[in-house]
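Colleague: Quick one: the structure is below, questions incoming.
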There are 2 protein chains.
Amino acid sequence: MAILVIAPGMRTVSWVKHLKAIDPDLDIRIWPESGKPEEIEFALVWRHPPGELRKYPNLRCIASLGAGVDHILRDPDLPAGVPISRVVDRSMARSMTEYVVLSVLNYCRHFEAYRQDQLQRRWKPRIPRRTRDVRIGIMGLGQLGGHAAATLVRLGFQVRGWSRTGRRIEGVISYADGKQLDKFLSATDILVCLLPLTQATERILSRRTFAKLPPEAYVINAARGRHLVEEDLLEALESGHLSGACLDVFQHEPLPPEHPFWRHPKITVTPHISSLTDPKAVAPQLVENYRRARDGKPLLNLVDMQLGY
Amino acid sequence: MAILVIAPGMRTVSWVKHLKAIDPDLDIRIWPESGKPEEIEFALVWRHPPGELRKYPNLRCIASLGAGVDHILRDPDLPAGVPISRVVDRSMARSMTEYVVLSVLNYCRHFEAYRQDQLQRRWKPRIPRRTRDVRIGIMGLGQLGGHAAATLVRLGFQVRGWSRTGRRIEGVISYADGKQLDKFLSATDILVCLLPLTQATERILSRRTFAKLPPEAYVINAARGRHLVEEDLLEALESGHLSGACLDVFQHEPLPPEHPFWRHPKITVTPHISSLTDPKAVAPQLVENYRRARDGKPLLNLVDMQLGY
């Protein structure tokens, strides 16, 4: 029985290497060289072609190669009843936390402005935003958001978190579900989106949300492009209500050359690099799940299809 | 008896405000409006004119308004026997740590390159330097260096420290004095200078030091401009032995417009903002030291004149 990797456009060499390092006998195939469809029991997936996964009658698990599964769930033709798993990994959380810390400090310490100053040979010290005065609000307190929140607390920031369940983390002021969202937003100077992309969270970074933030708030989106209503962000920056944004994800990636975000003086663009999956770190949990699927045991890191993550 | 603030070119309003907030009866004078010289018992000093401090016959303490005292000790005409104190403050350590974390992550996560990419509308993800693979070497493990080292350890970096006494910090590999310097340098990918400026440390960031670092090492100087031999840095960048540098301090500040650092593609310039003294945070220890000086009690945060810090 075999593992099929369906990840069009992705370099798969490293994945195969690290999976084989754990078990050299694994039968790993790279789509579209799938072999006999009935031999495929386990699919490792990143942005597969819709409808493709129905072709494998003995599939026991669809495993996302990343933390998100929105790229799987947007396929309207998924095979019914096949469980979906995602990657939960500390090195990804660490990578995401670094990105958030870097974006937050870049903003508080005016590093974007100093880059401009350097180009113009201008020596102009600026008063830093002091940690103790800056309130960071994190949307999503799962594996990634929880790790980022705890780290920002240790760095001395005031940290708030908003999540579906109102998860509690030491030193973090927690807000739950829809009713407390406005309260959370009104006390947030830097809004960080680390939510999973679901029907409930799509377009959550909207005009309505921005309006509830205090004047000159800053927005960081490192989750998914579809969380953000791009024209609403441009409008809120234009009006001066928001002071800036750091964006790692976009509606369309790569961000098209003609997109206004590229040259916007208040927007920092990075090319979806906030948290890259590390094949070496993640291979063991994928092999473990493959073995569990093969042996009919309970799977790890399963997605709740109802919640969408 | 009075306090004299001698800080030419510095805005002193905030200092007076926060000192008076603690004791409204303090007699605070701003140089050159010193009044009768014999009334001055306590001098708060930042880059005073050489020779000036000898004019006050009853001076009991010279207090630096910053963590460094090199700006005081370079005066060849200091009054003999008057003790010198410096500021030791957690908020300054935190501010410095933020600067170091920001510079380190900027480098590891290629944010300078992404700024260039953004200007050219180029979508080009780059492999991050992973925390666990990056060895940071901190020169100086005092109040500032110790705080930065401990924070970088918590962020997952491999941290080494080099200090006069070989101070031990949990999770940090310690090296002491001159004999272990080469060993320390050969295991350092990112060199961070947080040393006090003394005769022993001046020009320590030299050709000889850079040569001991592994190829493509990166240098961060947030201590004093005179730690760095500027032409040696340019040479090491030119040859490709060093991959870049982030500099907050310079031989001449403000950095002159014609200086090659401004337009160097591998150098990040910031205008001496890594750790600003916060008058509000620091006023209590200055008033306390003033009272101790007045009452003839032992002073806080005294400088060892032999060591120069």
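In the structure tokens, each chain is lettered A, B, ... as it comes, each chain's residues begin at 1, and ligands are numbered from 1 in order of appearance.
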If we count only C-alpha atoms, what is near Lys55 (chain B) at a cut-off of 8 Å, once residues fewer than 3 positions away on the same chain are taken out, given as a list in words?
Modeller: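 Contacts, with the query itself left out: Pro37, Gly51 and Glu52 of chain B.
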Colleague: Could you produce a table of the residues of chain A lying within 9 Å of chain B, with the nearest pair of atoms per residue and their separation in Å rounded to one decimal, using only C-alpha atoms, ordered by chain and increasing residue number, as a Markdown table?
Modeller:
| residue | atom | partner | partner_atom | distance |
| --- | --- | --- | --- | --- |
| A:Arg94 | CA | B:Leu155 | CA | 8.0 |
| A:Ser95 | CA | B:Arg130 | CA | 8.2 |
| A:Glu98 | CA | B:Leu105 | CA | 7.1 |
| A:Tyr99 | CA | B:Arg109 | CA | 7.9 |
| A:Val101 | CA | B:Leu102 | CA | 8.0 |
| A:Leu102 | CA | B:Leu102 | CA | 5.9 |
| A:Ser103 | CA | B:Leu102 | CA | 8.9 |
| A:Leu105 | CA | B:Leu102 | CA | 6.3 |
| A:Asn106 | CA | B:Leu102 | CA | 7.0 |
| A:Arg109 | CA | B:Tyr99 | CA | 7.9 |
| A:Phe111 | CA | B:Thr270 | CA | 8.1 |
| A:Glu112 | CA | B:Arg115 | CA | 8.8 |
| A:Tyr114 | CA | B:Thr270 | CA | 6.3 |
| A:Arg115 | CA | B:Thr268 | CA | 7.8 |
| A:Asp117 | CA | B:Thr270 | CA | 8.8 |
| A:Gln118 | CA | B:Trp262 | CA | 5.8 |
| A:Leu119 | CA | B:Arg263 | CA | 6.7 |
| A:Gln120 | CA | B:Trp262 | CA | 8.3 |
| A:Arg121 | CA | B:Pro257 | CA | 5.7 |
| A:Arg122 | CA | B:Pro257 | CA | 7.6 |
| A:Trp123 | CA | B:Pro271 | CA | 5.7 |
| A:Lys124 | CA | B:Pro271 | CA | 6.3 |
| A:Pro125 | CA | B:Pro271 | CA | 5.5 |
| A:Arg126 | CA | B:Ile273 | CA | 7.6 |
| A:Ile127 | CA | B:Ile273 | CA | 8.3 |
| A:Pro128 | CA | B:Ile273 | CA | 8.3 |
| A:Arg130 | CA | B:Ser95 | CA | 8.1 |
| A:Thr131 | CA | B:Ser95 | CA | 8.5 |
| A:Thr151 | CA | B:Leu155 | CA | 8.1 |
| A:Arg154 | CA | B:Thr151 | CA | 8.7 |
| A:Leu155 | CA | B:Arg94 | CA | 8.0 |
| A:Gly156 | CA | B:Arg94 | CA | 8.3 |
| A:Glu253 | CA | B:Trp123 | CA | 8.8 |
| A:Pro254 | CA | B:Trp123 | CA | 6.2 |
| A:Leu255 | CA | B:Trp123 | CA | 7.0 |
| A:Pro256 | CA | B:Arg121 | CA | 8.4 |
| A:Pro257 | CA | B:Arg121 | CA | 5.7 |
| A:Glu258 | CA | B:Arg121 | CA | 8.4 |
| A:His259 | CA | B:Arg121 | CA | 8.9 |
| A:Trp262 | CA | B:Arg121 | CA | 5.8 |
| A:Arg263 | CA | B:Leu119 | CA | 6.7 |
| A:Thr268 | CA | B:Arg115 | CA | 7.8 |
| A:Val269 | CA | B:Gln118 | CA | 6.4 |
| A:Thr270 | CA | B:Tyr114 | CA | 6.3 |
| A:Pro271 | CA | B:Pro125 | CA | 5.5 |
| A:His272 | CA | B:Pro125 | CA | 7.1 |
| A:Ile273 | CA | B:Pro125 | CA | 6.3 |
| A:Ser274 | CA | B:Arg109 | CA | 8.8 |
| A:Leu276 | CA | B:Ile127 | CA | 8.7 |
Colleague: When you look at Thr198 (chain A) with a cut-off of 8 Å (counting only C-alpha atoms), what residues show up, excluding the ones that are within fewer than 5 positions of it in the same chain? I need them as a count of residues only.
Modeller: 4
Colleague: Measuring between only C-alpha atoms, which one of B:Val192, B:Ala21, B:Val16, B:Leu237 shows the shortest distance to Met96 (chain B)?
Modeller: B:Val192
Colleague: Just asking: which residues within region 28-215 of chain A are strand (DSSP E or B) according to DSSP, as number ranges by chain?
Modeller: A: 28-30, 40-45, 61-64, 84-85, 135-139, 158-163, 172-176, 190-193, 205
Colleague: Write down as JSON, numbers by chain the residues belonging to region 28-223 of chain A that are assigned alpha helix (DSSP H) by DSSP computed on the backbone.
Modeller: {"A": [70, 71, 72, 73, 90, 91, 92, 93, 94, 95, 96, 97, 98, 99, 100, 101, 102, 103, 104, 105, 106, 107, 108, 111, 112, 113, 114, 115, 116, 117, 118, 119, 143, 144, 145, 146, 147, 148, 149, 150, 151, 152, 153, 154, 181, 182, 183, 184, 185, 186, 207, 208, 209, 210, 211, 212]}
Colleague: I'd like the neighbourhood of Lys297 (chain A) as a ChimeraX atom specification, where a residue qualifies if any of its atoms comes within 12 Å (using only C-alpha atoms), though same-chain residues fewer than 5 positions away should be ignored.
Modeller: /A:60-61,288-292
Colleague: So how many Å separate CA of Leu286 (chain A) and CA of Ser85 (chain A), to one decimal?
Modeller: 9.3 Å
Colleague: At a cut-off of 9 Å, using only C-alpha atoms, what residues contact Val153 (chain B)? Leave out same-chain residues fewer than 6 positions from it and give the result as a PDB file with N, CA, C and O atoms, in the first residue's frame.
Modeller:
ATOM      1  N   VAL B 159      23.272  30.624  21.923  1.00  0.00           N
ATOM      2  CA  VAL B 159      23.876  31.884  22.349  1.00  0.00           C
ATOM      3  C   VAL B 159      25.195  31.647  23.079  1.00  0.00           C
ATOM      4  O   VAL B 159      25.284  30.794  23.964  1.00  0.00           O
ATOM      5  N   GLU B 170      22.275  31.190  32.352  1.00  0.00           N
ATOM      6  CA  GLU B 170      21.676  29.892  32.005  1.00  0.00           C
ATOM      7  C   GLU B 170      21.427  29.777  30.508  1.00  0.00           C
ATOM      8  O   GLU B 170      20.833  30.666  29.901  1.00  0.00           O
ATOM      9  N   GLY B 171      21.889  28.691  29.939  1.00  0.00           N
ATOM     10  CA  GLY B 171      21.655  28.443  28.519  1.00  0.00           C
ATOM     11  C   GLY B 171      22.666  29.109  27.600  1.00  0.00           C
ATOM     12  O   GLY B 171      22.618  28.943  26.391  1.00  0.00           O
ATOM     13  N   VAL B 172      23.587  29.892  28.166  1.00  0.00           N
ATOM     14  CA  VAL B 172      24.575  30.625  27.371  1.00  0.00           C
ATOM     15  C   VAL B 172      25.960  29.998  27.582  1.00  0.00           C
ATOM     16  O   VAL B 172      26.359  29.765  28.725  1.00  0.00           O
TER      17      VAL B 172
END
Colleague: In Å, with one decimal, what is the gap from CA of Leu152 (chain A) to CA of Leu65 (chain B)?
Modeller: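 Spanning CA of Leu152 (chain A) to CA of Leu65 (chain B) is a straight-line distance of 29.1 Å.
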Colleague: Would you pick out the contacts of Ser239 (chain B) at 12 Å or less, using only C-alpha atoms, so that residues sharing its chain but fewer than 6 positions from it are not included, and give the list as a list in words?
Modeller: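 Contacts, in chain order: Arg207, Phe210, Ala211, Pro215, Glu216, Asp232 and Leu233 of chain B.
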Colleague: What does the distance from CA of Ala80 (chain B) to CA of Gly66 (chain B) come to in Å, to one decimal?
Modeller: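 Here the two named atoms are 21.5 Å from each other.
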Colleague: With only C-alpha atoms as the basis for distance, which of B:Met305, B:Leu185, B:Val45, B:Ala93 is at the shortest distance from Met10 (chain B)?
Modeller: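 Of all the options, B:Val45 lies closest to Met10 (chain B).
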Colleague: Using only C-alpha atoms, which of the listed residues (A:Ser243, A:Thr201, A:Ser34, A:Gln116) sits closest to Asp177 (chain A)?
Modeller: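 Checking each of A:Ser243, A:Thr201, A:Ser34, A:Gln116 against Asp177 (chain A), counting only C-alpha atoms, the winner is A:Thr201.
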Colleague: Give me, as a ChimeraX atom specification, all polymer residues having an atom no more than 12 Å from Lys183 (chain A), counting only C-alpha atoms and skipping those fewer than 5 positions away in the same chain.
Modeller: /A:137,160-162,173-178,188,209,212-214
Colleague: Since we have the selection now, will you write its residues out, keeping C-alpha atoms, as a PDB file, in the first residue's frame?
Modeller:
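Output saved as out.pdb:
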ATOM      1  CA  GLY A 137      -4.401  41.752  20.022  1.00  0.00           C
ATOM      2  CA  ARG A 160      -4.881  40.203  24.346  1.00  0.00           C
ATOM      3  CA  GLY A 161      -6.241  37.171  22.572  1.00  0.00           C
ATOM      4  CA  TRP A 162      -9.519  36.505  20.813  1.00  0.00           C
ATOM      5  CA  ILE A 173      -6.307  38.808  28.485  1.00  0.00           C
ATOM      6  CA  SER A 174      -8.747  36.459  26.768  1.00  0.00           C
ATOM      7  CA  TYR A 175     -11.869  37.277  24.780  1.00  0.00           C
ATOM      8  CA  ALA A 176     -14.255  34.705  23.373  1.00  0.00           C
ATOM      9  CA  ASP A 177     -16.459  34.411  20.296  1.00  0.00           C
ATOM     10  CA  GLY A 178     -18.520  37.102  18.578  1.00  0.00           C
ATOM     11  CA  THR A 188      -5.872  46.616  20.423  1.00  0.00           C
ATOM     12  CA  THR A 209     -13.372  45.392  12.138  1.00  0.00           C
ATOM     13  CA  LYS A 212     -13.538  49.242  15.979  1.00  0.00           C
ATOM     14  CA  LEU A 213      -9.763  49.546  16.379  1.00  0.00           C
ATOM     15  CA  PRO A 214      -8.393  52.703  18.017  1.00  0.00           C
TER      16      PRO A 214
END
